[in-house]
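Data block for entry.tsv (TSV, C-alpha atoms):
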chain	number	residue	atom	x	y	z
A	1	MET	CA	-88.04	-31.56	38.91
A	2	GLU	CA	-90.91	-31.14	41.41
A	3	VAL	CA	-88.49	-31.41	44.31
A	4	LYS	CA	-86.27	-28.78	42.69
A	5	ASN	CA	-89.26	-26.42	42.32
A	6	LYS	CA	-90.27	-26.98	45.92
A	7	ILE	CA	-86.75	-26.10	47.08
A	8	LEU	CA	-86.81	-22.97	44.92
A	9	VAL	CA	-90.18	-21.81	46.30
A	10	LYS	CA	-89.01	-22.54	49.83
A	11	SER	CA	-85.82	-20.59	49.22
A	12	ILE	CA	-87.75	-17.59	47.80
A	13	LEU	CA	-90.18	-17.64	50.72
A	14	LEU	CA	-87.32	-17.81	53.19
A	15	ARG	CA	-85.54	-14.91	51.49
A	16	THR	CA	-88.74	-12.84	51.42
A	17	LEU	CA	-89.28	-13.51	55.11
A	18	LYS	CA	-85.69	-12.56	55.92
A	19	ALA	CA	-85.98	-9.41	53.80
A	20	GLY	CA	-89.27	-8.55	55.49
A	21	ILE	CA	-87.74	-8.97	58.96
A	22	LYS	CA	-84.78	-6.76	58.04
A	23	ALA	CA	-87.10	-4.12	56.57
A	24	PHE	CA	-89.22	-4.28	59.71
A	25	LEU	CA	-86.12	-3.77	61.88
A	26	ILE	CA	-85.26	-0.66	59.85
A	27	TYR	CA	-88.81	0.57	60.37
A	28	VAL	CA	-88.42	0.01	64.14
A	29	ALA	CA	-85.17	2.01	64.06
A	30	TYR	CA	-87.06	4.79	62.25
A	31	VAL	CA	-89.79	4.83	64.92
A	32	ILE	CA	-87.17	4.90	67.71
A	33	PHE	CA	-85.39	7.76	65.96
A	34	LEU	CA	-88.65	9.71	65.72
A	35	LEU	CA	-89.35	9.14	69.42
A	36	LEU	CA	-85.85	10.22	70.40
A	37	THR	CA	-85.96	13.39	68.33
A	38	LYS	CA	-89.46	14.35	69.46
A	39	PRO	CA	-88.18	16.83	72.13
A	40	ILE	CA	-86.15	18.65	69.49
A	41	TYR	CA	-88.69	18.41	66.69
A	42	ASN	CA	-88.50	22.19	66.14
A	43	PHE	CA	-84.84	21.73	65.34
A	44	VAL	CA	-85.06	18.64	63.11
A	45	GLY	CA	-88.62	19.24	61.89
A	46	GLN	CA	-87.59	20.91	58.66
A	47	TYR	CA	-85.42	17.87	57.88
A	48	SER	CA	-88.29	15.40	58.42
A	49	GLN	CA	-88.79	14.96	54.68
A	50	PHE	CA	-85.11	14.10	54.19
A	51	ILE	CA	-85.20	11.70	57.14
A	52	ASP	CA	-88.30	9.97	55.74
A	53	VAL	CA	-86.72	9.67	52.26
A	54	PHE	CA	-83.54	8.28	53.80
A	55	PHE	CA	-85.31	5.57	55.82
A	56	ILE	CA	-87.62	4.60	52.93
A	57	THR	CA	-84.69	4.29	50.50
A	58	ILE	CA	-82.61	2.26	52.96
A	59	LEU	CA	-85.61	0.05	53.63
A	60	ILE	CA	-86.18	-0.58	49.90
A	61	PHE	CA	-82.49	-1.22	49.21
A	62	THR	CA	-82.24	-3.63	52.14
A	63	PHE	CA	-85.39	-5.48	51.08
A	64	ILE	CA	-84.24	-5.83	47.47
A	65	SER	CA	-80.68	-6.83	48.29
A	66	GLU	CA	-81.91	-9.40	50.81
A	67	LEU	CA	-84.42	-10.74	48.30
A	68	SER	CA	-81.69	-11.10	45.72
A	69	SER	CA	-79.30	-12.84	48.12
A	70	GLY	CA	-77.43	-15.73	46.55
A	71	THR	CA	-77.05	-13.75	43.34
A	72	ILE	CA	-74.56	-11.11	42.21
A	73	TYR	CA	-77.36	-8.51	42.43
A	74	GLN	CA	-77.26	-8.67	46.21
A	75	TYR	CA	-73.78	-7.13	46.20
A	76	MET	CA	-74.78	-4.65	43.55
A	77	PHE	CA	-77.73	-3.36	45.56
A	78	SER	CA	-75.76	-3.30	48.81
A	79	PHE	CA	-72.97	-1.37	47.10
A	80	SER	CA	-75.53	1.10	45.72
A	81	ARG	CA	-77.02	1.51	49.20
A	82	GLU	CA	-73.65	2.45	50.69
A	83	LEU	CA	-73.01	4.89	47.86
A	84	PHE	CA	-76.46	6.39	48.36
A	85	ILE	CA	-75.84	6.86	52.11
A	86	ILE	CA	-72.59	8.73	51.47
A	87	PHE	CA	-73.89	11.10	48.81
A	88	TYR	CA	-77.30	11.60	50.38
A	89	PHE	CA	-75.84	12.72	53.73
A	90	ILE	CA	-73.21	14.93	52.14
A	91	ASN	CA	-75.93	16.60	50.07
A	92	VAL	CA	-78.63	16.88	52.74
A	93	LEU	CA	-76.33	17.97	55.55
A	94	ASN	CA	-74.68	20.56	53.29
A	95	GLY	CA	-71.23	19.08	53.80
A	96	GLY	CA	-71.79	18.98	57.57
A	97	ALA	CA	-72.56	22.64	58.20
A	98	ILE	CA	-76.20	23.14	59.09
A	99	ARG	CA	-77.73	26.56	59.59
A	100	MET	CA	-81.29	27.29	60.56
A	101	ASN	CA	-83.34	30.17	61.84
A	102	VAL	CA	-85.88	29.67	64.62
A	103	GLU	CA	-87.67	32.73	65.99
A	104	ASN	CA	-84.94	35.22	65.10
A	105	VAL	CA	-82.23	32.98	66.55
A	106	GLU	CA	-79.74	31.59	64.10
A	107	PHE	CA	-78.47	28.13	64.94
A	108	SER	CA	-75.52	26.45	63.33
A	109	VAL	CA	-74.32	22.94	63.98
A	110	ASN	CA	-71.20	21.37	62.59
A	111	LEU	CA	-71.81	17.71	61.79
A	112	GLN	CA	-68.60	17.09	59.85
A	113	PHE	CA	-67.53	14.42	62.35
A	114	PHE	CA	-70.69	12.42	61.59
A	115	ILE	CA	-70.28	12.86	57.85
A	116	LEU	CA	-66.72	11.60	58.15
A	117	VAL	CA	-67.80	8.53	60.13
A	118	LEU	CA	-70.62	7.88	57.65
A	119	ILE	CA	-68.21	8.10	54.72
A	120	LEU	CA	-65.79	5.73	56.45
A	121	MET	CA	-68.56	3.26	57.16
A	122	GLY	CA	-69.84	3.60	53.63
A	123	VAL	CA	-66.39	2.93	52.21
A	124	LEU	CA	-66.03	-0.05	54.53
A	125	GLY	CA	-69.41	-1.36	53.35
A	126	MET	CA	-68.46	-0.85	49.70
A	127	ALA	CA	-65.17	-2.70	50.23
A	128	ARG	CA	-67.06	-5.53	51.90
A	129	ASN	CA	-69.53	-5.73	49.01
A	130	THR	CA	-66.80	-5.66	46.38
A	131	LEU	CA	-64.89	-8.43	48.13
A	132	GLY	CA	-68.16	-10.32	48.59
A	133	ALA	CA	-68.93	-10.03	44.88
A	134	ILE	CA	-65.42	-11.25	43.97
A	135	ASN	CA	-65.81	-14.15	46.38
A	136	PHE	CA	-69.25	-14.95	45.01
A	137	LEU	CA	-68.02	-15.02	41.41
A	138	ASN	CA	-65.04	-17.10	42.47
A	139	GLU	CA	-67.22	-19.67	44.21
A	140	LYS	CA	-69.60	-19.71	41.26
A	141	SER	CA	-66.83	-20.42	38.78
A	142	GLU	CA	-65.41	-23.07	41.10
A	143	GLU	CA	-68.82	-24.76	41.23
A	144	GLU	CA	-69.02	-24.73	37.42
A	145	ILE	CA	-65.55	-26.21	37.10
A	146	VAL	CA	-66.42	-28.95	39.58
A	147	LYS	CA	-69.74	-29.55	37.76
A	148	ASP	CA	-67.93	-29.77	34.39
A	149	TYR	CA	-65.33	-32.06	35.85
A	150	PHE	CA	-67.87	-34.57	37.10
B	1	MET	CA	-61.61	-14.65	51.79
B	2	LYS	CA	-64.56	-15.82	53.87
B	3	TYR	CA	-62.85	-14.86	57.12
B	4	VAL	CA	-62.03	-11.43	55.78
B	5	LEU	CA	-65.64	-10.95	54.71
B	6	ARG	CA	-66.91	-12.12	58.07
B	7	ALA	CA	-64.53	-9.75	59.88
B	8	LEU	CA	-65.62	-6.85	57.68
B	9	LYS	CA	-69.27	-7.68	58.26
B	10	TRP	CA	-68.84	-7.67	62.03
B	11	ALA	CA	-66.72	-4.52	61.92
B	12	THR	CA	-69.48	-2.76	59.95
B	13	ILE	CA	-72.18	-3.98	62.35
B	14	ILE	CA	-70.19	-2.89	65.41
B	15	LEU	CA	-69.41	0.50	63.85
B	16	TRP	CA	-73.08	1.07	63.01
B	17	ILE	CA	-74.14	0.13	66.55
B	18	CYS	CA	-71.54	2.51	68.03
B	19	PHE	CA	-72.52	5.26	65.61
B	20	ILE	CA	-76.27	4.96	66.27
B	21	SER	CA	-75.62	4.77	70.03
B	22	LEU	CA	-73.49	7.92	69.87
B	23	ILE	CA	-76.17	9.80	67.90
B	24	SER	CA	-78.91	8.58	70.23
B	25	THR	CA	-77.05	9.62	73.38
B	26	ILE	CA	-76.13	12.99	71.88
B	27	VAL	CA	-79.74	13.69	70.89
B	28	TYR	CA	-80.96	12.52	74.30
B	29	SER	CA	-78.33	14.63	76.08
B	30	ALA	CA	-79.06	17.74	74.01
B	31	ALA	CA	-82.74	17.40	74.84
B	32	ASN	CA	-81.91	17.19	78.53
B	33	VAL	CA	-79.78	20.31	78.79
B	34	ARG	CA	-81.69	23.04	80.62
B	35	VAL	CA	-80.81	26.72	80.63
B	36	LYS	CA	-82.35	28.94	83.29
B	37	ILE	CA	-82.08	32.67	82.84
B	38	GLU	CA	-82.90	34.49	86.03
B	39	GLU	CA	-83.89	38.11	86.41
B	40	ALA	CA	-81.22	40.49	85.18
B	41	LYS	CA	-79.85	43.11	87.58
B	42	THR	CA	-78.91	46.60	86.49
B	43	PHE	CA	-76.63	48.83	88.50
B	44	THR	CA	-74.16	51.63	87.93
B	45	GLU	CA	-70.55	51.61	88.98
B	46	ASP	CA	-67.77	54.07	88.06
B	47	ASN	CA	-69.82	55.75	85.30
B	48	LYS	CA	-70.66	52.33	83.90
B	49	LEU	CA	-74.05	50.80	83.52
B	50	ILE	CA	-73.73	47.12	84.32
B	51	LEU	CA	-76.32	44.63	83.23
B	52	ALA	CA	-75.77	41.37	85.07
B	53	ILE	CA	-77.61	38.31	83.77
B	54	PRO	CA	-77.36	35.07	85.75
B	55	PHE	CA	-77.41	31.90	83.66
B	56	THR	CA	-77.70	28.42	85.10
B	57	ILE	CA	-76.89	25.56	82.78
B	58	ILE	CA	-78.05	22.16	83.97
B	59	ASN	CA	-76.36	19.41	82.03
B	60	ASN	CA	-78.58	16.38	82.63
B	61	GLY	CA	-77.21	14.69	79.55
B	62	LEU	CA	-74.76	11.85	79.13
B	63	HIS	CA	-71.99	13.98	77.61
B	64	ASP	CA	-69.89	16.93	78.76
B	65	ILE	CA	-70.34	20.39	77.35
B	66	SER	CA	-67.03	22.04	76.60
B	67	ASN	CA	-65.79	25.47	75.48
B	68	LEU	CA	-69.03	27.22	76.30
B	69	ASN	CA	-68.65	30.81	75.16
B	70	PHE	CA	-71.14	33.61	75.79
B	71	THR	CA	-70.41	36.79	73.87
B	72	THR	CA	-72.45	39.97	73.84
B	73	ILE	CA	-71.58	42.90	71.63
B	74	ILE	CA	-73.34	46.25	71.70
B	75	THR	CA	-72.87	48.61	68.78
B	76	ASP	CA	-74.43	51.94	67.97
B	77	GLU	CA	-76.12	53.06	64.75
B	78	LYS	CA	-72.73	53.95	63.25
B	79	ASN	CA	-71.63	50.37	63.99
B	80	GLN	CA	-69.12	51.55	66.58
B	81	LEU	CA	-68.38	49.14	69.39
B	82	LEU	CA	-69.87	50.29	72.71
B	83	ALA	CA	-69.48	47.18	74.81
B	84	LYS	CA	-68.22	43.65	74.56
B	85	SER	CA	-68.62	40.97	77.14
B	86	VAL	CA	-67.24	37.44	76.97
B	87	ASN	CA	-67.74	34.52	79.34
B	88	LEU	CA	-65.90	31.29	78.75
B	89	ILE	CA	-66.53	28.05	80.59
B	90	ILE	CA	-64.04	25.34	79.75
B	91	ILE	CA	-66.23	22.40	80.76
B	92	ILE	CA	-69.61	21.56	82.26
B	93	PRO	CA	-69.38	17.88	83.19
B	94	LYS	CA	-72.36	15.60	82.69
B	95	LYS	CA	-74.96	15.54	85.48
B	96	GLU	CA	-73.70	18.86	86.84
B	97	GLU	CA	-74.90	22.43	86.76
B	98	THR	CA	-73.01	25.68	86.46
B	99	THR	CA	-74.13	29.23	87.15
B	100	ILE	CA	-72.43	32.15	85.50
B	101	TRP	CA	-73.02	35.88	85.70
B	102	HIS	CA	-72.84	37.42	82.29
B	103	ASN	CA	-71.98	41.07	82.93
B	104	ILE	CA	-72.43	43.60	80.16
B	105	SER	CA	-70.72	46.84	81.04
B	106	LEU	CA	-71.77	49.95	79.15
B	107	ASN	CA	-69.64	53.04	79.65
B	108	ILE	CA	-72.28	55.74	79.98
B	109	GLN	CA	-69.67	58.52	80.11
B	110	GLU	CA	-68.30	57.52	76.69
B	111	ILE	CA	-71.79	57.38	75.19
B	112	ILE	CA	-72.76	60.68	76.75
B	113	ASN	CA	-69.65	62.32	75.30
B	114	ASP	CA	-71.30	61.86	71.93
B	115	GLN	CA	-73.77	64.73	72.09
B	116	ASN	CA	-76.23	62.93	69.81
B	117	TYR	CA	-76.88	60.33	72.44
B	118	ILE	CA	-77.49	62.79	75.26
B	119	PHE	CA	-80.14	64.73	73.33
B	120	GLU	CA	-81.44	62.26	70.74
B	121	ASP	CA	-83.02	58.85	71.15
B	122	SER	CA	-81.40	56.05	69.22
B	123	ASN	CA	-81.29	52.31	68.80
B	124	PHE	CA	-78.29	50.20	69.66
B	125	THR	CA	-77.74	46.71	68.34
B	126	LEU	CA	-77.23	43.89	70.79
B	127	LEU	CA	-75.58	40.83	69.28
B	128	ASN	CA	-75.67	37.69	71.42
B	129	ASN	CA	-73.63	34.67	70.52
B	130	VAL	CA	-73.41	31.34	72.31
B	131	SER	CA	-71.07	28.63	71.13
B	132	LEU	CA	-70.24	25.28	72.65
B	133	ASN	CA	-68.87	21.90	71.83
B	134	PHE	CA	-71.22	19.08	72.65
B	135	ALA	CA	-69.76	15.68	73.51
B	136	GLY	CA	-66.48	16.91	72.03
B	137	VAL	CA	-67.67	16.25	68.47
B	138	VAL	CA	-70.59	18.59	67.79
B	139	PRO	CA	-69.68	22.29	67.66
B	140	PHE	CA	-72.87	24.30	68.07
B	141	THR	CA	-73.53	28.04	67.74
B	142	ALA	CA	-76.62	30.13	68.38
B	143	SER	CA	-76.77	33.85	67.76
B	144	ASN	CA	-79.34	36.58	67.56
B	145	ASN	CA	-79.58	40.30	66.98
B	146	LEU	CA	-81.69	42.47	69.22
B	147	THR	CA	-82.48	46.15	69.11
B	148	MET	CA	-81.72	47.94	72.34
B	149	PRO	CA	-83.49	51.27	72.64
B	150	TRP	CA	-81.36	54.14	73.85
B	151	GLY	CA	-83.33	56.97	75.40
B	152	ALA	CA	-81.67	60.39	75.60
B	153	PRO	CA	-81.36	61.51	79.22
B	154	LEU	CA	-81.65	65.20	78.21
B	155	TYR	CA	-84.14	64.84	75.41
B	156	ASN	CA	-85.54	68.17	74.17
B	157	PHE	CA	-83.39	70.25	76.56
B	158	THR	CA	-84.89	73.71	76.38
B	159	VAL	CA	-83.88	76.92	78.12
B	160	GLY	CA	-86.20	79.89	78.17
B	161	GLU	CA	-85.12	83.51	77.86
B	162	PRO	CA	-83.78	84.80	81.19
B	163	ASN	CA	-85.77	87.46	82.97
B	164	PHE	CA	-83.63	89.87	85.05
B	165	GLN	CA	-85.22	91.35	88.16
B	166	VAL	CA	-83.29	94.02	90.00
B	167	VAL	CA	-83.04	93.33	93.72
B	168	ASN	CA	-80.78	96.25	94.57
B	169	THR	CA	-78.09	98.33	92.89
B	170	THR	CA	-75.53	95.52	92.95
B	171	THR	CA	-77.65	92.37	92.71
B	172	SER	CA	-80.33	91.10	90.36
B	173	ILE	CA	-82.08	87.77	89.94
B	174	ALA	CA	-82.02	86.05	86.56
B	175	SER	CA	-84.94	83.61	86.17
B	176	PHE	CA	-85.40	81.22	83.30
B	177	ASN	CA	-87.23	77.99	82.53
B	178	VAL	CA	-85.34	74.78	82.00
B	179	SER	CA	-87.08	71.66	80.76
B	180	PHE	CA	-86.12	68.28	79.39
B	181	GLU	CA	-87.32	64.68	79.31
B	182	ASN	CA	-85.27	61.81	80.64
B	183	HIS	CA	-86.08	59.18	78.02
B	184	SER	CA	-83.45	56.78	79.29
B	185	PRO	CA	-84.83	53.50	80.59
B	186	TYR	CA	-81.55	52.88	82.42
B	187	ILE	CA	-80.37	56.19	83.88
B	188	ASN	CA	-81.82	58.08	86.83
B	189	LEU	CA	-80.46	61.61	86.79
B	190	GLU	CA	-79.42	62.19	90.38
B	191	GLY	CA	-76.85	64.83	91.16
B	192	ARG	CA	-76.40	68.50	90.69
B	193	LEU	CA	-76.58	70.99	87.90
B	194	LYS	CA	-74.10	73.85	87.82
B	195	ILE	CA	-75.44	76.97	86.14
B	196	GLU	CA	-73.19	79.86	85.14
B	197	ILE	CA	-74.34	83.02	83.39
B	198	PHE	CA	-72.00	85.10	81.25
B	199	ASN	CA	-72.60	88.44	79.56
B	200	GLU	CA	-71.67	89.24	75.97
B	201	ASN	CA	-68.13	90.20	77.10
B	202	GLU	CA	-67.59	86.69	78.56
B	203	GLU	CA	-67.67	88.12	82.08
B	204	PRO	CA	-69.29	85.81	84.65
B	205	LEU	CA	-72.48	87.29	86.08
B	206	GLY	CA	-73.30	84.60	88.59
B	207	THR	CA	-73.20	80.90	89.41
B	208	THR	CA	-75.56	78.57	91.21
B	209	TYR	CA	-76.00	74.87	91.85
B	210	GLU	CA	-79.29	73.05	91.54
B	211	THR	CA	-79.95	69.59	92.90
B	212	ILE	CA	-81.72	67.43	90.39
B	213	ASN	CA	-83.48	64.11	90.69
B	214	VAL	CA	-85.09	63.03	87.45
B	215	PRO	CA	-86.01	59.33	87.35
B	216	SER	CA	-85.93	57.46	84.07
B	217	ASN	CA	-88.83	58.14	81.70
B	218	SER	CA	-89.89	61.33	83.47
B	219	PHE	CA	-90.16	65.00	82.65
B	220	TYR	CA	-88.28	67.87	84.30
B	221	GLU	CA	-89.38	71.48	84.22
B	222	LYS	CA	-88.34	74.17	86.62
B	223	THR	CA	-87.80	77.90	86.77
B	224	LEU	CA	-84.25	78.41	87.96
B	225	SER	CA	-82.97	81.57	89.58
B	226	VAL	CA	-79.42	82.86	89.70
B	227	TYR	CA	-78.14	85.91	91.57
B	228	VAL	CA	-76.16	88.10	89.17
B	229	GLU	CA	-74.24	91.36	89.29
B	230	THR	CA	-76.53	94.10	88.07
B	231	GLN	CA	-73.79	96.28	86.54
B	232	LYS	CA	-72.50	93.50	84.30
B	233	ILE	CA	-75.86	92.58	82.75
B	234	THR	CA	-75.95	92.96	78.99
B	235	SER	CA	-78.76	92.36	76.52
B	236	SER	CA	-77.18	89.09	75.38
B	237	GLY	CA	-74.85	86.42	76.68
B	238	HIS	CA	-74.93	82.75	77.39
B	239	ILE	CA	-75.78	80.30	80.13
B	240	ASN	CA	-73.53	77.32	80.78
B	241	PHE	CA	-75.01	74.13	82.22
B	242	THR	CA	-72.80	71.44	83.72
B	243	PHE	CA	-74.33	68.15	84.84
B	244	GLU	CA	-72.63	66.17	87.58
B	245	THR	CA	-74.64	63.03	88.22
B	246	SER	CA	-73.95	59.65	89.74
B	247	THR	CA	-73.64	58.04	86.29
B	248	PHE	CA	-71.99	60.70	84.18
B	249	SER	CA	-70.66	64.26	83.99
B	250	PHE	CA	-71.53	66.44	81.07
B	251	GLY	CA	-70.86	70.03	80.21
B	252	PRO	CA	-70.59	72.82	79.95
B	253	LEU	CA	-73.58	72.97	77.67
B	254	VAL	CA	-73.73	76.51	76.30
B	255	LYS	CA	-77.11	78.07	75.66
B	256	PRO	CA	-77.11	81.64	74.31
B	257	TYR	CA	-79.69	84.21	75.29
B	258	GLY	CA	-80.65	87.60	73.88
B	259	SER	CA	-79.28	88.26	70.42
B	260	GLU	CA	-76.02	86.29	70.96
B	261	GLU	CA	-75.55	83.50	68.40
Translate the structure described by the file into structure tokens.
Amino acid sequence: MEVKNKILVKSILLRTLKAGIKAFLIYVAYVIFLLLTKPIYNFVGQYSQFIDVFFITILIFTFISELSSGTIYQYMFSFSRELFIIFYFINVLNGGAIRMNVENVEFSVNLQFFILVLILMGVLGMARNTLGAINFLNEKSEEEIVKDYF
Amino acid sequence: MKYVLRALKWATIILWICFISLISTIVYSAANVRVKIEEAKTFTEDNKLILAIPFTIINNGLHDISNLNFTTIITDEKNQLLAKSVNLIIIIPKKEETTIWHNISLNIQEIINDQNYIFEDSNFTLLNNVSLNFAGVVPFTASNNLTMPWGAPLYNFTVGEPNFQVVNTTTSIASFNVSFENHSPYINLEGRLKIEIFNENEEPLGTTYETINVPSNSFYEKTLSVYVETQKITSSGHINFTFETSTFSFGPLVKPYGSEE
């Protein structure tokens, strides 16, 4: 029993560490993004709130799904993350057509290509998570059958 | 199933890396595009005022700029098109620079033909539009509206009552004041002014030519004299003014004198 508890604690610690590392990597990506967009801050400045919300949400989703790895919840959270990415970008980027006014100059950028790629990647991620969940449940039931058998 | 999942995982990772790299390089490239606008040159040619603006686009980025389109449209207060200029550059390759002259040609003669614009100041609208396709995937447009002041070249054109002085039995001198302000910031009135005087029976009394040189934003006032036939002088009539300048011709502008309406 003690050995089993030790293994469980070790596994939780390992998962927390892994989740922390992944969350940290996302934070690094966020810092790099901020550095890269610094020269055009005037242009993206008004979207800073949306960018912050996006990175924070992705970070939380990644942390939770990594923490819950080895359970069905991992796939659930990952699936939700992909769904969030798709709808968040469609909503924030106004379907890909961005208009803004800086010092009497009206700028418009068409980001439909990026939205399309994001949707495709989101769909790919959702498919992966669905298949992963099916595989997980399959393995789980196999384990139970084997357990019952012996 | 495991192999499929592994393949999907790697496909997603690779796609994300490619996507983030593409965004990063596009942002980096956009930040490294420089546009230099040098001093604009203004000159007149065939009754047209030409505003030539040299643009240099330095593409220090990692992607090409394609379908670069500069469009300038000038409209008057009635929203009528006065000028349209379009420059199209198919491609500016990465690490290269391109200079273009954006020429905006304004037909002064056409504007002058509208008498409002020769005597009254106005405001034209200048619409600038720049569109381009960055890296082949990001269509970008920037546009702005500017107000372009139009100054009347013959603002407040006033002719005084002619004063006839008899020189001899056949000839008299008609003297009258002519004044106006050249409010135009673009047009220097250089040329000649043809003056014709008619009596009330539409008979010509005399004609003269006056050389004029009125720079932009300056005032003109002069007493002009015309030799006329004494016998034909009547108490009323009209004076016709015809302007023949390097940028436009205008006239005859009929100004009545005496009791003639």
**Study point:** All residues 7 Å or closer to segment 59-76 of chain B, all atoms listed in the file, same chain fewer than 5 positions away omitted, as a ChimeraX atom specification
**Key:** /B:25,28-30,32-34,81-97,123-136
Practice item. When you get a sec, could you note down which chain A residues fall within 10 Å of chain B, using all atoms listed in the file, as a PyMOL selection string? Key: chain A and resi 29+32-33+36-40+97-114+117-118+120-122+124-125+127-132+134-135
For the residues in that selection, give me C-alpha atoms as a PDB file, in the coordinates of the input.
ATOM      1  CA  ALA A  29     -85.170   2.010  64.060  1.00  0.00           C
ATOM      2  CA  ILE A  32     -87.170   4.900  67.710  1.00  0.00           C
ATOM      3  CA  PHE A  33     -85.390   7.760  65.960  1.00  0.00           C
ATOM      4  CA  LEU A  36     -85.850  10.220  70.400  1.00  0.00           C
ATOM      5  CA  THR A  37     -85.960  13.390  68.330  1.00  0.00           C
ATOM      6  CA  LYS A  38     -89.460  14.350  69.460  1.00  0.00           C
ATOM      7  CA  PRO A  39     -88.180  16.830  72.130  1.00  0.00           C
ATOM      8  CA  ILE A  40     -86.150  18.650  69.490  1.00  0.00           C
ATOM      9  CA  ALA A  97     -72.560  22.640  58.200  1.00  0.00           C
ATOM     10  CA  ILE A  98     -76.200  23.140  59.090  1.00  0.00           C
ATOM     11  CA  ARG A  99     -77.730  26.560  59.590  1.00  0.00           C
ATOM     12  CA  MET A 100     -81.290  27.290  60.560  1.00  0.00           C
ATOM     13  CA  ASN A 101     -83.340  30.170  61.840  1.00  0.00           C
ATOM     14  CA  VAL A 102     -85.880  29.670  64.620  1.00  0.00           C
ATOM     15  CA  GLU A 103     -87.670  32.730  65.990  1.00  0.00           C
ATOM     16  CA  ASN A 104     -84.940  35.220  65.100  1.00  0.00           C
ATOM     17  CA  VAL A 105     -82.230  32.980  66.550  1.00  0.00           C
ATOM     18  CA  GLU A 106     -79.740  31.590  64.100  1.00  0.00           C
ATOM     19  CA  PHE A 107     -78.470  28.130  64.940  1.00  0.00           C
ATOM     20  CA  SER A 108     -75.520  26.450  63.330  1.00  0.00           C
ATOM     21  CA  VAL A 109     -74.320  22.940  63.980  1.00  0.00           C
ATOM     22  CA  ASN A 110     -71.200  21.370  62.590  1.00  0.00           C
ATOM     23  CA  LEU A 111     -71.810  17.710  61.790  1.00  0.00           C
ATOM     24  CA  GLN A 112     -68.600  17.090  59.850  1.00  0.00           C
ATOM     25  CA  PHE A 113     -67.530  14.420  62.350  1.00  0.00           C
ATOM     26  CA  PHE A 114     -70.690  12.420  61.590  1.00  0.00           C
ATOM     27  CA  VAL A 117     -67.800   8.530  60.130  1.00  0.00           C
ATOM     28  CA  LEU A 118     -70.620   7.880  57.650  1.00  0.00           C
ATOM     29  CA  LEU A 120     -65.790   5.730  56.450  1.00  0.00           C
ATOM     30  CA  MET A 121     -68.560   3.260  57.160  1.00  0.00           C
ATOM     31  CA  GLY A 122     -69.840   3.600  53.630  1.00  0.00           C
ATOM     32  CA  LEU A 124     -66.030  -0.050  54.530  1.00  0.00           C
ATOM     33  CA  GLY A 125     -69.410  -1.360  53.350  1.00  0.00           C
ATOM     34  CA  ALA A 127     -65.170  -2.700  50.230  1.00  0.00           C
ATOM     35  CA  ARG A 128     -67.060  -5.530  51.900  1.00  0.00           C
ATOM     36  CA  ASN A 129     -69.530  -5.730  49.010  1.00  0.00           C
ATOM     37  CA  THR A 130     -66.800  -5.660  46.380  1.00  0.00           C
ATOM     38  CA  LEU A 131     -64.890  -8.430  48.130  1.00  0.00           C
ATOM     39  CA  GLY A 132     -68.160 -10.320  48.590  1.00  0.00           C
ATOM     40  CA  ILE A 134     -65.420 -11.250  43.970  1.00  0.00           C
ATOM     41  CA  ASN A 135     -65.810 -14.150  46.380  1.00  0.00           C
TER      42      ASN A 135
END
Point to revise | Val228 of chain B environment, 9 Å, all atoms listed in the file, sequence neighbours closer than 2 positions dropped, as a PyMOL selection string | key: chain B and resi 164+170-174+197+204-207+226+230-233
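Within 12 Å of Ile26 of chain A, once only C-alpha atoms are used and residues closer than 5 positions along the same chain are dropped, the contacting residues are Ala19, Gly20, Ile21, Val31, Ile32, Phe33, Asp52, Phe54, Phe55, Ile56, Thr57, Ile58, Leu59, Ile60, Phe61, Thr62 and Phe63 of chain A.
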Study note, to complete from the structure: Expressed in Å, the length from atom CA of Ile64 of chain A to atom CA of Phe77 of chain A is 7.2 Å
Please list as a PDB file with C-alpha atoms, in the coordinates of the input every residue within 9 Å of Ala133 of chain A, counting all atoms listed in the file and excluding residues in the same chain fewer than 3 positions away.
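Result saved to selection34.pdb:
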ATOM      1  CA  ILE A  72     -74.560 -11.110  42.210  1.00  0.00           C
ATOM      2  CA  TYR A  73     -77.360  -8.510  42.430  1.00  0.00           C
ATOM      3  CA  GLN A  74     -77.260  -8.670  46.210  1.00  0.00           C
ATOM      4  CA  TYR A  75     -73.780  -7.130  46.200  1.00  0.00           C
ATOM      5  CA  MET A  76     -74.780  -4.650  43.550  1.00  0.00           C
ATOM      6  CA  ARG A 128     -67.060  -5.530  51.900  1.00  0.00           C
ATOM      7  CA  ASN A 129     -69.530  -5.730  49.010  1.00  0.00           C
ATOM      8  CA  THR A 130     -66.800  -5.660  46.380  1.00  0.00           C
ATOM      9  CA  PHE A 136     -69.250 -14.950  45.010  1.00  0.00           C
ATOM     10  CA  LEU A 137     -68.020 -15.020  41.410  1.00  0.00           C
ATOM     11  CA  ASN A 138     -65.040 -17.100  42.470  1.00  0.00           C
TER      12      ASN A 138
END
Exercise for review: Select, from B:Ile100, B:Ile26, B:Ile14, B:Val167, the residue with the minimum atom-to-atom distance to Ile58 of chain B, counting all atoms listed in the file.
Suggested key: B:Ile100
